[in-house]
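The structure under discussion appears below in the form of structure tokens.
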Amino acid sequence: MSRAAEFVPPRALRNAHLQSILASTGPRRWLARRGGMLEATANEHLLDCGDGVRLQGFHTAQTAAAQARGLVVLLHGWEGSARSTYMLRTGERLLAEGFDVFRLNFRDHGDTHHLNRELFHSCRIDEVVGALGEIARRFPAPPLAIAGYSLGGNFALRVALRAPAAGLALRGAVAVCPVVSPRAGLYALEGGPRFYERYFVRKWRESLRRKQRAFPDVKLFTPDELGGNLRELTRAMVLRHTDFGSLENYLDGYSIAGDALAGMRVPTAILTAADDPVIPVADFRALRLPPQVELDIAPHGGHCGFLSDFSLRSFAEDYIAQRLLARIP
């Protein structure tokens, strides 16, 4: 299997910001959306995730003549969706390798703001575990695995950590540039180039406005709160819509830093880049991991980029496919 150290992009593609931006925009987005079996044969599913929560996803199966090697659930990043570029590209690759693919939308992502009254936040792990349980119930035959990018990678690791107790027979998990310490990630966004924070805040505000239109009977935020920066808007969300009591408690609620993954029993692989401008590499180097968790740190790749050449093919797609093929031969 390819190791992260083997990922060496052309010199012109080694800039971390270029890698991060090109991963989801421009020609790569166009290439991902030209069409293909993943979207053309996908079926929509509304999942009962427990406690009245409904999440949407899209299932693409192998053709009737082919038996699936396994079923991989893909999780997108914050303010992404099941139709994000990296989700489509990775799904197409896994489909070609013989896997069925289920692309899950988190609450309030994609076109799902109307499905649940309460807002999305990153500590809503129970409903994602519930979604995996419902997926396993609907599609019981193929072996089950999970993979995610960025915040989706964080969720994938937390789902895998909880899988044995939840009765989920996960055969493998892969996370690409997962959020490790939310506190450190927030500081990195605030201290880095301003366009990253502006990008996420702009997308989040639009998402919150869509949520408000779906539920006009309750005022979600004041205009001043919506106009705040990332830290201010997150704090307002925590204080208005959760029981965490403080921004710090909320951020710690979905941290996987330190020894949080020490009890992992599912075979797991984590890919990140030393030059990731969003998730500090020091967070990964401080992890205390059990033997069944593989950590690969590439010198280059940016945040969820890993673009190998000017065809904009991503090493991350190869990495996910190879790790899952090793666990589900």
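Going by the structure tokens order, chains are called A, B, ..., each with residues numbered from 1, while ligands are numbered from 1 in the order shown.
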Sorted by chain and rising residue number, which residues of range 61-98 of chain A lie within 10 Å of range 309-316 of chain A, and what are their closest atom pairs and distances in Å to one decimal, counting only C-alpha atoms, as CSV?
residue,atom,partner,partner_atom,distance
A:Tyr86,CA,A:Ser314,CA,8.7
A:Arg89,CA,A:Ser314,CA,8.6
A:Thr90,CA,A:Ala316,CA,8.2
Go ahead and save the picked residues with C-alpha atoms, as a short mmCIF file (atom, residue, chain, number, x, y, z; two decimals), in the first residue's frame.
data_model
loop_
_atom_site.label_atom_id
_atom_site.label_comp_id
_atom_site.auth_asym_id
_atom_site.auth_seq_id
_atom_site.Cartn_x
_atom_site.Cartn_y
_atom_site.Cartn_z
CA TYR A 86 -14.35 15.09 -2.73
CA ARG A 89 -14.67 11.64 -6.53
CA THR A 90 -14.09 9.27 -3.60
#
Find the residues of range 102-193 of chain A that sit at most 10 Å from range 214-220 of chain A; for each, write down the nearest two atoms and how far apart they are in Å, to one decimal. Count only C-alpha atoms. Sort by chain, then by number going up, and give it as a Markdown table.
| residue | atom | partner | partner_atom | distance |
| --- | --- | --- | --- | --- |
| A:Thr112 | CA | A:Ala214 | CA | 9.7 |
| A:His113 | CA | A:Ala214 | CA | 6.7 |
| A:His114 | CA | A:Ala214 | CA | 5.4 |
| A:Leu115 | CA | A:Ala214 | CA | 9.0 |
| A:Asn116 | CA | A:Phe215 | CA | 9.5 |
| A:Arg117 | CA | A:Phe215 | CA | 7.1 |
| A:Glu118 | CA | A:Phe215 | CA | 9.6 |
| A:Leu119 | CA | A:Leu220 | CA | 9.0 |
Next, the residues of the selection above should be written as a PDB file, in the first residue's frame with C-alpha atoms.
ATOM      1  CA  THR A 112     -31.979  18.943   4.601  1.00  0.00           C
ATOM      2  CA  HIS A 113     -32.569  22.006   6.782  1.00  0.00           C
ATOM      3  CA  HIS A 114     -36.301  21.217   6.967  1.00  0.00           C
ATOM      4  CA  LEU A 115     -35.898  17.677   8.310  1.00  0.00           C
ATOM      5  CA  ASN A 116     -35.094  18.497  11.961  1.00  0.00           C
ATOM      6  CA  ARG A 117     -36.064  21.532  14.053  1.00  0.00           C
ATOM      7  CA  GLU A 118     -32.902  21.766  16.161  1.00  0.00           C
ATOM      8  CA  LEU A 119     -29.647  23.063  14.702  1.00  0.00           C
TER       9      LEU A 119
END
Using only C-alpha atoms, which protein or nucleic acid residues come within 10 Å of Arg138 in chain A? Drop anything in the same chain fewer than 6 positions from it, and give the result as a compact mmCIF listing (two decimals) with all heavy atoms, in the first residue's frame.
# COMPACT_ATOMS: atom_id res chain seq x y z
N HIS A 45 -32.37 8.05 0.52
CA HIS A 45 -32.94 7.40 1.70
C HIS A 45 -33.07 8.42 2.82
O HIS A 45 -32.17 9.23 3.05
CB HIS A 45 -32.04 6.25 2.18
CG HIS A 45 -32.01 5.08 1.26
ND1 HIS A 45 -32.81 3.97 1.43
CD2 HIS A 45 -31.29 4.86 0.13
CE1 HIS A 45 -32.57 3.10 0.47
NE2 HIS A 45 -31.66 3.62 -0.34
N LEU A 47 -33.32 8.38 6.78
CA LEU A 47 -33.00 7.43 7.83
C LEU A 47 -33.60 7.86 9.16
O LEU A 47 -33.49 9.03 9.56
CB LEU A 47 -31.48 7.32 7.98
CG LEU A 47 -30.69 6.98 6.73
CD1 LEU A 47 -29.19 7.03 7.03
CD2 LEU A 47 -31.08 5.61 6.19
N LEU A 132 -25.77 5.06 11.06
CA LEU A 132 -25.01 3.86 10.65
C LEU A 132 -25.76 2.59 11.01
O LEU A 132 -25.77 1.63 10.24
CB LEU A 132 -23.64 3.87 11.34
CG LEU A 132 -22.46 4.48 10.56
CD1 LEU A 132 -22.05 3.58 9.39
CD2 LEU A 132 -22.77 5.87 10.08
(Q) Applying 6 Å and only C-alpha atoms, which residues near Gly70 in chain A remain after dropping the ones on its own chain fewer than 3 positions away? List them as a list in words. (A) Phe99, Pro142, Pro143 and Leu144 of chain A
Dump as a CSV table (one decimal), in the first residue's frame, selection limited to N, CA and C atoms:
chain,number,residue,atom,x,y,z
A,99,PHE,N,-17.1,-1.6,-4.3
A,99,PHE,CA,-17.8,-1.3,-3.1
A,99,PHE,C,-19.2,-0.6,-3.4
A,142,PRO,N,-23.4,-6.7,2.7
A,142,PRO,CA,-22.0,-6.5,2.6
A,142,PRO,C,-21.3,-6.0,3.9
A,143,PRO,N,-20.0,-6.3,4.0
A,143,PRO,CA,-19.3,-5.8,5.2
A,143,PRO,C,-19.3,-4.2,5.2
A,144,LEU,N,-19.4,-3.6,6.4
A,144,LEU,CA,-19.6,-2.2,6.5
A,144,LEU,C,-18.3,-1.5,6.9
Q | Selection near Gly77 in chain A, 7 Å with only C-alpha atoms, sequence-local residues under 5 positions removed, as a list of chain:residue names | A |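 These residues fall inside the cut-off: A:Tyr149, A:Ser150, A:Leu151, A:Gly152.
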Q) Which distance in Å separates CA of Glu134 in chain A and CA of Ile328 in chain A, to one decimal? A)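 Computing the Euclidean distance for CA of Glu134 in chain A and CA of Ile328 in chain A yields 20.8 Å.
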Exercise: Glu225 in chain A partners within 10 Å, only C-alpha atoms, chain neighbours under 4 positions left out, as a compact mmCIF listing (two decimals) with all heavy atoms, in the first residue's frame:
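And here's result.txt as it stands now:
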# COMPACT_ATOMS: atom_id res chain seq x y z
N LEU A 220 -33.74 32.25 15.46
CA LEU A 220 -32.53 31.48 15.77
C LEU A 220 -31.40 32.36 16.28
O LEU A 220 -30.71 32.01 17.24
CB LEU A 220 -32.08 30.72 14.52
CG LEU A 220 -33.05 29.67 13.99
CD1 LEU A 220 -32.51 29.04 12.70
CD2 LEU A 220 -33.32 28.60 15.03
N PHE A 221 -31.18 33.51 15.63
CA PHE A 221 -30.09 34.41 16.00
C PHE A 221 -30.54 35.85 15.77
O PHE A 221 -31.39 36.12 14.91
CB PHE A 221 -28.83 34.14 15.16
CG PHE A 221 -28.19 32.81 15.43
CD1 PHE A 221 -28.47 31.71 14.64
CD2 PHE A 221 -27.30 32.64 16.49
CE1 PHE A 221 -27.89 30.48 14.87
CE2 PHE A 221 -26.72 31.41 16.73
CZ PHE A 221 -27.01 30.33 15.93
N ASN A 229 -17.89 37.10 14.02
CA ASN A 229 -16.89 36.24 13.41
C ASN A 229 -17.13 34.80 13.83
O ASN A 229 -18.12 34.48 14.50
CB ASN A 229 -15.47 36.71 13.78
CG ASN A 229 -15.21 36.69 15.28
OD1 ASN A 229 -15.84 35.93 16.04
ND2 ASN A 229 -14.29 37.52 15.75
N GLU A 232 -17.38 34.23 17.64
CA GLU A 232 -18.57 34.86 18.22
C GLU A 232 -19.85 34.13 17.82
O GLU A 232 -20.73 33.91 18.66
CB GLU A 232 -18.62 36.33 17.78
CG GLU A 232 -17.50 37.18 18.37
CD GLU A 232 -17.31 38.50 17.64
OE1 GLU A 232 -17.87 38.66 16.52
OE2 GLU A 232 -16.60 39.38 18.17
N LEU A 233 -19.95 33.74 16.56
CA LEU A 233 -21.15 33.05 16.11
C LEU A 233 -21.24 31.66 16.72
O LEU A 233 -22.34 31.20 17.08
CB LEU A 233 -21.16 32.98 14.58
CG LEU A 233 -22.41 32.42 13.91
CD1 LEU A 233 -23.67 33.11 14.39
CD2 LEU A 233 -22.30 32.52 12.39
N THR A 234 -20.11 30.98 16.86
CA THR A 234 -20.13 29.67 17.50
C THR A 234 -20.55 29.78 18.95
O THR A 234 -21.35 28.98 19.45
CB THR A 234 -18.75 28.99 17.40
OG1 THR A 234 -18.32 28.96 16.04
CG2 THR A 234 -18.80 27.57 17.94
N ARG A 235 -20.01 30.79 19.65
CA ARG A 235 -20.40 30.98 21.05
C ARG A 235 -21.90 31.27 21.16
O ARG A 235 -22.58 30.72 22.04
CB ARG A 235 -19.60 32.13 21.68
CG ARG A 235 -19.96 32.37 23.15
CD ARG A 235 -19.17 33.50 23.77
NE ARG A 235 -17.79 33.11 24.00
CZ ARG A 235 -16.75 33.60 23.33
NH1 ARG A 235 -16.93 34.50 22.38
NH2 ARG A 235 -15.52 33.19 23.61
N ALA A 236 -22.43 32.10 20.27
CA ALA A 236 -23.87 32.39 20.30
C ALA A 236 -24.68 31.12 20.06
O ALA A 236 -25.70 30.88 20.73
CB ALA A 236 -24.20 33.45 19.25
N MET A 237 -24.24 30.28 19.14
CA MET A 237 -24.94 29.02 18.88
C MET A 237 -24.93 28.13 20.12
O MET A 237 -25.94 27.55 20.50
CB MET A 237 -24.28 28.30 17.69
CG MET A 237 -24.97 27.01 17.27
SD MET A 237 -24.39 25.54 18.15
CE MET A 237 -22.72 25.40 17.53
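Between CA of Pro291 in chain A and CA of Ala262 in chain A there is a distance of 9.2 Å.
Using only C-alpha atoms, the contacts of Leu46 in chain A at a cut-off of 9 Å, with sequence neighbours closer than 5 positions omitted, comprise Arg54, Leu55, Gln56, Gly57 and Phe58 of chain A.
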Q | Distance of CA of Phe306 in chain A from CA of Gly185 in chain A, expressed in Å to one decimal place | A |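 CA of Gly185 in chain A sits 19.5 Å away from CA of Phe306 in chain A.
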